[in-house]
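One structure is given here, and the rest of the page talks about it.
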Amino acid sequence: LVKGKGDSHFGYEEVCFLLLFGYLPKKAELEHFRNILTDCYEIPDEFVEMNLLRMPGRNLMNKLQDAVLTLYNYDDDPDNTDVYETMVKGINLMAKLPSIACYAYQSKVHYYNRDSLFIHYANPKYSIAENFLSLLRKDQKFSDKEARLLDTILMLHADHGGGNNSTFTTRVLSSAQTDIYSTIAAAIGSLKGFRHGGANHKVRQMMTDIMQNVQHWDSDDEVENYLERILRREVGDKSGLIYGIGHAIYTLSDPRAVELKKQARSLAAKTGYADQFALYERIERLAPDAFHKVTGNEKVVCANVDFYSGLVYEMLGIPEDLYTPMFAVSRISGWCAHRIEELVNASKIIRPAYLSVHPKRDYIGMTDRT
């Protein structure tokens with residue numbers, strides 16, 4: 001999909017269509033779908049003022065949850081789980097979430113960082129990637145290359161099967177026949193976690209620590225020595241983890257990370273990030289050996305999608321507060337598709353079985369307890 005779109009069109013909307021309907025759209029179908037999306041861009045003024053500007057959030061993921069749940073009250077029939085109605089509600093949320101994320105960010109930096117507040121209206125002529133950059137930047141200016149790079153990132157994050165934590169959360173809540181607003185809010189809460197979508201924050205924190213404490217970035221010995229110290233819980237956040245390295249499914253390579261790396265290399269030389277990119281590459285190359293040496297574990301590990309995403313976001317001028325919300329802005333398309341599939345095909349609630357490992361005990365009366 002990423003290779004196929006080239007520079008002919010923005011691909012994220014095409015991915016959304018594919019996830020929701022199961023096939024690649026013809027040109028007229030895609031145009032019609034885009035028009036439906038852009039018609040849903042607009043957010044009621046009172047919603048922005050009352051829920052985002054007057055009540056800023058310290059954490060934007062929590063604010064996204066709050067905003068999605070509040071949109072329940074703007075729906076005349078919010079508890080309707082009919083498949084068509086679910087599709088309509090899902091597309092509405094997909095269209096509005098980029099604006100909500102940007103407005104929540106502007107509100108936060110205004111009230112907590114004392115920065116100037118500026119609010120732009122969504123532009124129905126723009127793709128979701130273009131619209132996000134326009135809403136985020138004070139002058140609303142961006143290059144076509146920047147917008148196409150962000151579009152690619154959105155494509156790569158749109159879905160990752162039903163087993164990842166936030167999508168499984170979507171499946172569980174959908175199987176309970178709850179409303180889409182509660183479902184998406186729960187998925188956002190799952191994505192926030194540092195073992196899931198929030199991992200991109202941990203990568204950036206780790207890389208900042210490495211850049212501050214490794215004197216010679218071009219030295220394999222120095223970099224690998226520091227990675228080994230991270231694994232031994234001596235430095236960094238003492239977790240013993242090299243964030244962005246390793247994945248539950250991918251071993252030899254994460255195809256999303258491979259594509260992001262290409263994009264990062266292309267952009268780094270033009271934005272003054274060549275040295276940082278070279279350090280990222282060096283860590284990606286050295287981390288597996290350091291992991292094997294320190295842990296004794298022969299598991300094959302590779303860079304995952306979170307490893308390069310933060311660097312690309314930084315080069316695009318997207319603040320760290322928005323790294324994980326950007327993931328949500330993209331992944332909501334996959335969540336909606338999985339919700340529809342669950343509503344169509346499943347007739348039972350998802351209820352995993354648990355077995356207590358504690359031995360059975362007899363009841364002891366209060367007076368006999370010692």
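In the structure tokens, each chain is lettered A, B, ... as it comes, each chain's residues begin at 1, and ligands are numbered from 1 in order of appearance.
Omitting Pro78 (chain A) and its sequence neighbours fewer than 5 positions away, and counting only C-alpha atoms, the residues within 9 Å are Leu71, Tyr72, Asn73, Lys89, Asp179, Ile180 and Tyr181 of chain A.
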Region 20-63 of chain A: residues DSSP assigns to helix (DSSP H, G or I), reported as a list of chain:residue names: A:Leu20, A:Phe21, A:Lys27, A:Ala28, A:Glu29, A:Leu30, A:Glu31, A:His32, A:Phe33, A:Arg34, A:Asn35, A:Ile36, A:Leu37, A:Thr38, A:Asp39, A:Asp45, A:Glu46, A:Phe47, A:Val48, A:Glu49, A:Met50, A:Asn51, A:Leu52, A:Leu53, A:Leu60, A:Met61, A:Asn62, A:Lys63
Could you turn the residues from that selection into a file that holds N, CA, C and O atoms, as an mmCIF file, in the first residue's frame?
```cif
data_model
loop_
_atom_site.group_PDB
_atom_site.id
_atom_site.type_symbol
_atom_site.label_atom_id
_atom_site.label_comp_id
_atom_site.auth_asym_id
_atom_site.auth_seq_id
_atom_site.Cartn_x
_atom_site.Cartn_y
_atom_site.Cartn_z
ATOM 1 N N LEU A 20 -12.345 -0.825 6.455
ATOM 2 C CA LEU A 20 -13.773 -0.805 6.757
ATOM 3 C C LEU A 20 -14.594 -1.656 5.789
ATOM 4 O O LEU A 20 -15.578 -2.286 6.191
ATOM 5 N N PHE A 21 -14.196 -1.684 4.518
ATOM 6 C CA PHE A 21 -15.032 -2.343 3.508
ATOM 7 C C PHE A 21 -14.413 -3.607 2.917
ATOM 8 O O PHE A 21 -15.104 -4.371 2.233
ATOM 9 N N LYS A 27 -11.478 4.930 -7.938
ATOM 10 C CA LYS A 27 -11.208 6.352 -7.757
ATOM 11 C C LYS A 27 -12.445 7.109 -7.278
ATOM 12 O O LYS A 27 -12.377 7.915 -6.343
ATOM 13 N N ALA A 28 -13.586 6.845 -7.890
ATOM 14 C CA ALA A 28 -14.820 7.539 -7.515
ATOM 15 C C ALA A 28 -15.261 7.162 -6.104
ATOM 16 O O ALA A 28 -15.749 8.006 -5.346
ATOM 17 N N GLU A 29 -15.084 5.895 -5.749
ATOM 18 C CA GLU A 29 -15.452 5.445 -4.402
ATOM 19 C C GLU A 29 -14.580 6.121 -3.344
ATOM 20 O O GLU A 29 -15.074 6.550 -2.295
ATOM 21 N N LEU A 30 -13.298 6.212 -3.630
ATOM 22 C CA LEU A 30 -12.380 6.841 -2.679
ATOM 23 C C LEU A 30 -12.703 8.325 -2.521
ATOM 24 O O LEU A 30 -12.689 8.862 -1.403
ATOM 25 N N GLU A 31 -13.006 8.981 -3.616
ATOM 26 C CA GLU A 31 -13.357 10.403 -3.564
ATOM 27 C C GLU A 31 -14.624 10.615 -2.746
ATOM 28 O O GLU A 31 -14.713 11.546 -1.936
ATOM 29 N N HIS A 32 -15.601 9.751 -2.945
ATOM 30 C CA HIS A 32 -16.849 9.839 -2.179
ATOM 31 C C HIS A 32 -16.573 9.628 -0.691
ATOM 32 O O HIS A 32 -17.101 10.357 0.167
ATOM 33 N N PHE A 33 -15.747 8.645 -0.381
ATOM 34 C CA PHE A 33 -15.400 8.351 1.013
ATOM 35 C C PHE A 33 -14.674 9.537 1.645
ATOM 36 O O PHE A 33 -14.949 9.917 2.789
ATOM 37 N N ARG A 34 -13.751 10.130 0.910
ATOM 38 C CA ARG A 34 -13.019 11.298 1.426
ATOM 39 C C ARG A 34 -13.974 12.459 1.703
ATOM 40 O O ARG A 34 -13.824 13.178 2.694
ATOM 41 N N ASN A 35 -14.935 12.644 0.823
ATOM 42 C CA ASN A 35 -15.903 13.722 1.036
ATOM 43 C C ASN A 35 -16.718 13.501 2.312
ATOM 44 O O ASN A 35 -17.032 14.446 3.034
ATOM 45 N N ILE A 36 -17.073 12.240 2.573
ATOM 46 C CA ILE A 36 -17.800 11.926 3.803
ATOM 47 C C ILE A 36 -16.931 12.247 5.017
ATOM 48 O O ILE A 36 -17.396 12.844 5.999
ATOM 49 N N LEU A 37 -15.652 11.864 4.946
ATOM 50 C CA LEU A 37 -14.733 12.145 6.046
ATOM 51 C C LEU A 37 -14.586 13.643 6.285
ATOM 52 O O LEU A 37 -14.702 14.115 7.425
ATOM 53 N N THR A 38 -14.330 14.392 5.222
ATOM 54 C CA THR A 38 -14.101 15.829 5.401
ATOM 55 C C THR A 38 -15.361 16.559 5.860
ATOM 56 O O THR A 38 -15.269 17.565 6.566
ATOM 57 N N ASP A 39 -16.520 16.041 5.488
ATOM 58 C CA ASP A 39 -17.772 16.629 5.984
ATOM 59 C C ASP A 39 -17.898 16.474 7.499
ATOM 60 O O ASP A 39 -18.647 17.223 8.144
ATOM 61 N N ASP A 45 -18.406 24.396 18.137
ATOM 62 C CA ASP A 45 -17.618 25.401 18.858
ATOM 63 C C ASP A 45 -17.724 25.228 20.366
ATOM 64 O O ASP A 45 -16.728 25.363 21.087
ATOM 65 N N GLU A 46 -18.928 24.936 20.846
ATOM 66 C CA GLU A 46 -19.089 24.823 22.299
ATOM 67 C C GLU A 46 -18.343 23.597 22.839
ATOM 68 O O GLU A 46 -17.893 23.591 23.984
ATOM 69 N N PHE A 47 -18.206 22.570 22.009
ATOM 70 C CA PHE A 47 -17.453 21.385 22.425
ATOM 71 C C PHE A 47 -15.984 21.755 22.632
ATOM 72 O O PHE A 47 -15.371 21.378 23.644
ATOM 73 N N VAL A 48 -15.411 22.483 21.676
ATOM 74 C CA VAL A 48 -14.013 22.892 21.775
ATOM 75 C C VAL A 48 -13.811 23.784 22.987
ATOM 76 O O VAL A 48 -12.878 23.585 23.782
ATOM 77 N N GLU A 49 -14.707 24.748 23.166
ATOM 78 C CA GLU A 49 -14.550 25.701 24.260
ATOM 79 C C GLU A 49 -14.741 25.052 25.626
ATOM 80 O O GLU A 49 -13.913 25.217 26.529
ATOM 81 N N MET A 50 -15.816 24.308 25.784
ATOM 82 C CA MET A 50 -16.174 23.778 27.097
ATOM 83 C C MET A 50 -15.326 22.562 27.490
ATOM 84 O O MET A 50 -14.935 22.430 28.653
ATOM 85 N N ASN A 51 -15.036 21.682 26.546
ATOM 86 C CA ASN A 51 -14.401 20.416 26.891
ATOM 87 C C ASN A 51 -12.898 20.379 26.664
ATOM 88 O O ASN A 51 -12.218 19.542 27.263
ATOM 89 N N LEU A 52 -12.376 21.249 25.818
ATOM 90 C CA LEU A 52 -10.950 21.222 25.525
ATOM 91 C C LEU A 52 -10.216 22.453 26.031
ATOM 92 O O LEU A 52 -9.136 22.343 26.605
ATOM 93 N N LEU A 53 -10.800 23.645 25.839
ATOM 94 C CA LEU A 53 -10.104 24.867 26.219
ATOM 95 C C LEU A 53 -10.294 25.207 27.698
ATOM 96 O O LEU A 53 -9.364 25.672 28.355
ATOM 97 N N LEU A 60 -2.478 14.017 27.233
ATOM 98 C CA LEU A 60 -3.365 14.155 26.075
ATOM 99 C C LEU A 60 -4.143 12.883 25.776
ATOM 100 O O LEU A 60 -5.247 12.946 25.241
ATOM 101 N N MET A 61 -3.597 11.726 26.114
ATOM 102 C CA MET A 61 -4.340 10.490 25.886
ATOM 103 C C MET A 61 -5.573 10.433 26.786
ATOM 104 O O MET A 61 -6.655 10.022 26.353
ATOM 105 N N ASN A 62 -5.416 10.858 28.020
ATOM 106 C CA ASN A 62 -6.574 10.927 28.910
ATOM 107 C C ASN A 62 -7.594 11.932 28.384
ATOM 108 O O ASN A 62 -8.803 11.721 28.482
ATOM 109 N N LYS A 63 -7.081 13.021 27.808
ATOM 110 C CA LYS A 63 -7.991 14.035 27.279
ATOM 111 C C LYS A 63 -8.724 13.513 26.052
ATOM 112 O O LYS A 63 -9.906 13.837 25.835
#
```
From A:Ile43, A:Ala187, A:Cys336, A:Met94, residue lying nearest Tyr121 (chain A) [only C-alpha atoms]: A:Ile43
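Of note, CA of Val329 (chain A) and CA of His157 (chain A) are spaced 9.1 Å apart.
CA of Leu135 (chain A) lies 19.1 Å from CA of Arg114 (chain A).
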Which residue of A:Ser174, A:Gly193, A:Met315, A:Asp321 approaches Gly57 (chain A) most closely, using only C-alpha atoms: A:Asp321
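The space separating CA of Asn225 (chain A) from CA of Lys299 (chain A) comes to 20.1 Å.
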Selection near region 197-205 of chain A, 10 Å with only C-alpha atoms, sequence-local residues under 5 positions removed, as a ChimeraX atom specification: /A:61,157,165-166,188-192,210,236-237,241-245,305-311,314,320-328,331
Spatial neighbours of region 81-86 of chain A, max dist 7 Å, only C-alpha atoms, sep filter under 4 positions, as a PyMOL selection string: chain A and resi 90+177+179+340+343
Selection export as a compact mmCIF listing (two decimals), in the first residue's frame, atoms kept: C-alpha atoms:
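New file part.txt:
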```
# COMPACT_ATOMS: atom_id res chain seq x y z
CA GLY A 90 -16.82 5.38 13.50
CA GLN A 177 -22.48 -4.76 23.07
CA ASP A 179 -21.47 1.80 22.69
CA ILE A 340 -17.65 -3.93 13.00
CA LEU A 343 -20.54 -7.06 15.78
```
Selection near Gln140 (chain A), 12 Å with only C-alpha atoms, sequence-local residues under 2 positions removed, as a PDB file with C-alpha atoms, in the first residue's frame:
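Final output, saved to around-v2.pdb:
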```pdb
ATOM      1  CA  PHE A 118      -4.041  29.522  18.719  1.00  0.00           C
ATOM      2  CA  ILE A 119      -6.906  27.509  17.270  1.00  0.00           C
ATOM      3  CA  HIS A 120      -7.351  26.842  13.552  1.00  0.00           C
ATOM      4  CA  TYR A 121     -10.405  25.396  11.848  1.00  0.00           C
ATOM      5  CA  ALA A 122     -10.120  22.138   9.947  1.00  0.00           C
ATOM      6  CA  ASN A 123      -9.818  22.534   6.193  1.00  0.00           C
ATOM      7  CA  TYR A 126      -7.070  18.723   3.075  1.00  0.00           C
ATOM      8  CA  GLU A 130      -2.417  17.721   5.712  1.00  0.00           C
ATOM      9  CA  ASN A 131      -5.168  18.755   8.074  1.00  0.00           C
ATOM     10  CA  PHE A 132      -3.196  17.647  11.124  1.00  0.00           C
ATOM     11  CA  LEU A 133      -0.127  19.685  10.163  1.00  0.00           C
ATOM     12  CA  SER A 134      -2.298  22.706   9.363  1.00  0.00           C
ATOM     13  CA  LEU A 135      -4.041  22.518  12.741  1.00  0.00           C
ATOM     14  CA  LEU A 136      -0.783  22.023  14.641  1.00  0.00           C
ATOM     15  CA  ARG A 137       1.341  24.796  13.182  1.00  0.00           C
ATOM     16  CA  LYS A 138       0.846  28.413  14.063  1.00  0.00           C
ATOM     17  CA  PHE A 142       3.756  22.651   5.601  1.00  0.00           C
ATOM     18  CA  SER A 143       5.439  21.130   2.587  1.00  0.00           C
ATOM     19  CA  ALA A 147       2.395  15.842   4.574  1.00  0.00           C
TER      20      ALA A 147
END
```
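With only C-alpha atoms as the atoms that count, the minimum distance from Ile128 (chain A) to the choices A:Tyr12, A:Tyr103, A:Tyr363, A:Tyr112 is reached by A:Tyr12.
Minimum distance to Gly334 (chain A) across A:Gly11, A:His110, A:Gly162, A:Asp75 (counting only C-alpha atoms) occurs at A:Gly162.
Closest approach to Asp159 (chain A) among A:Tyr105, A:Phe277, A:Tyr354, A:Trp335: A:Trp335, based on only C-alpha atoms.
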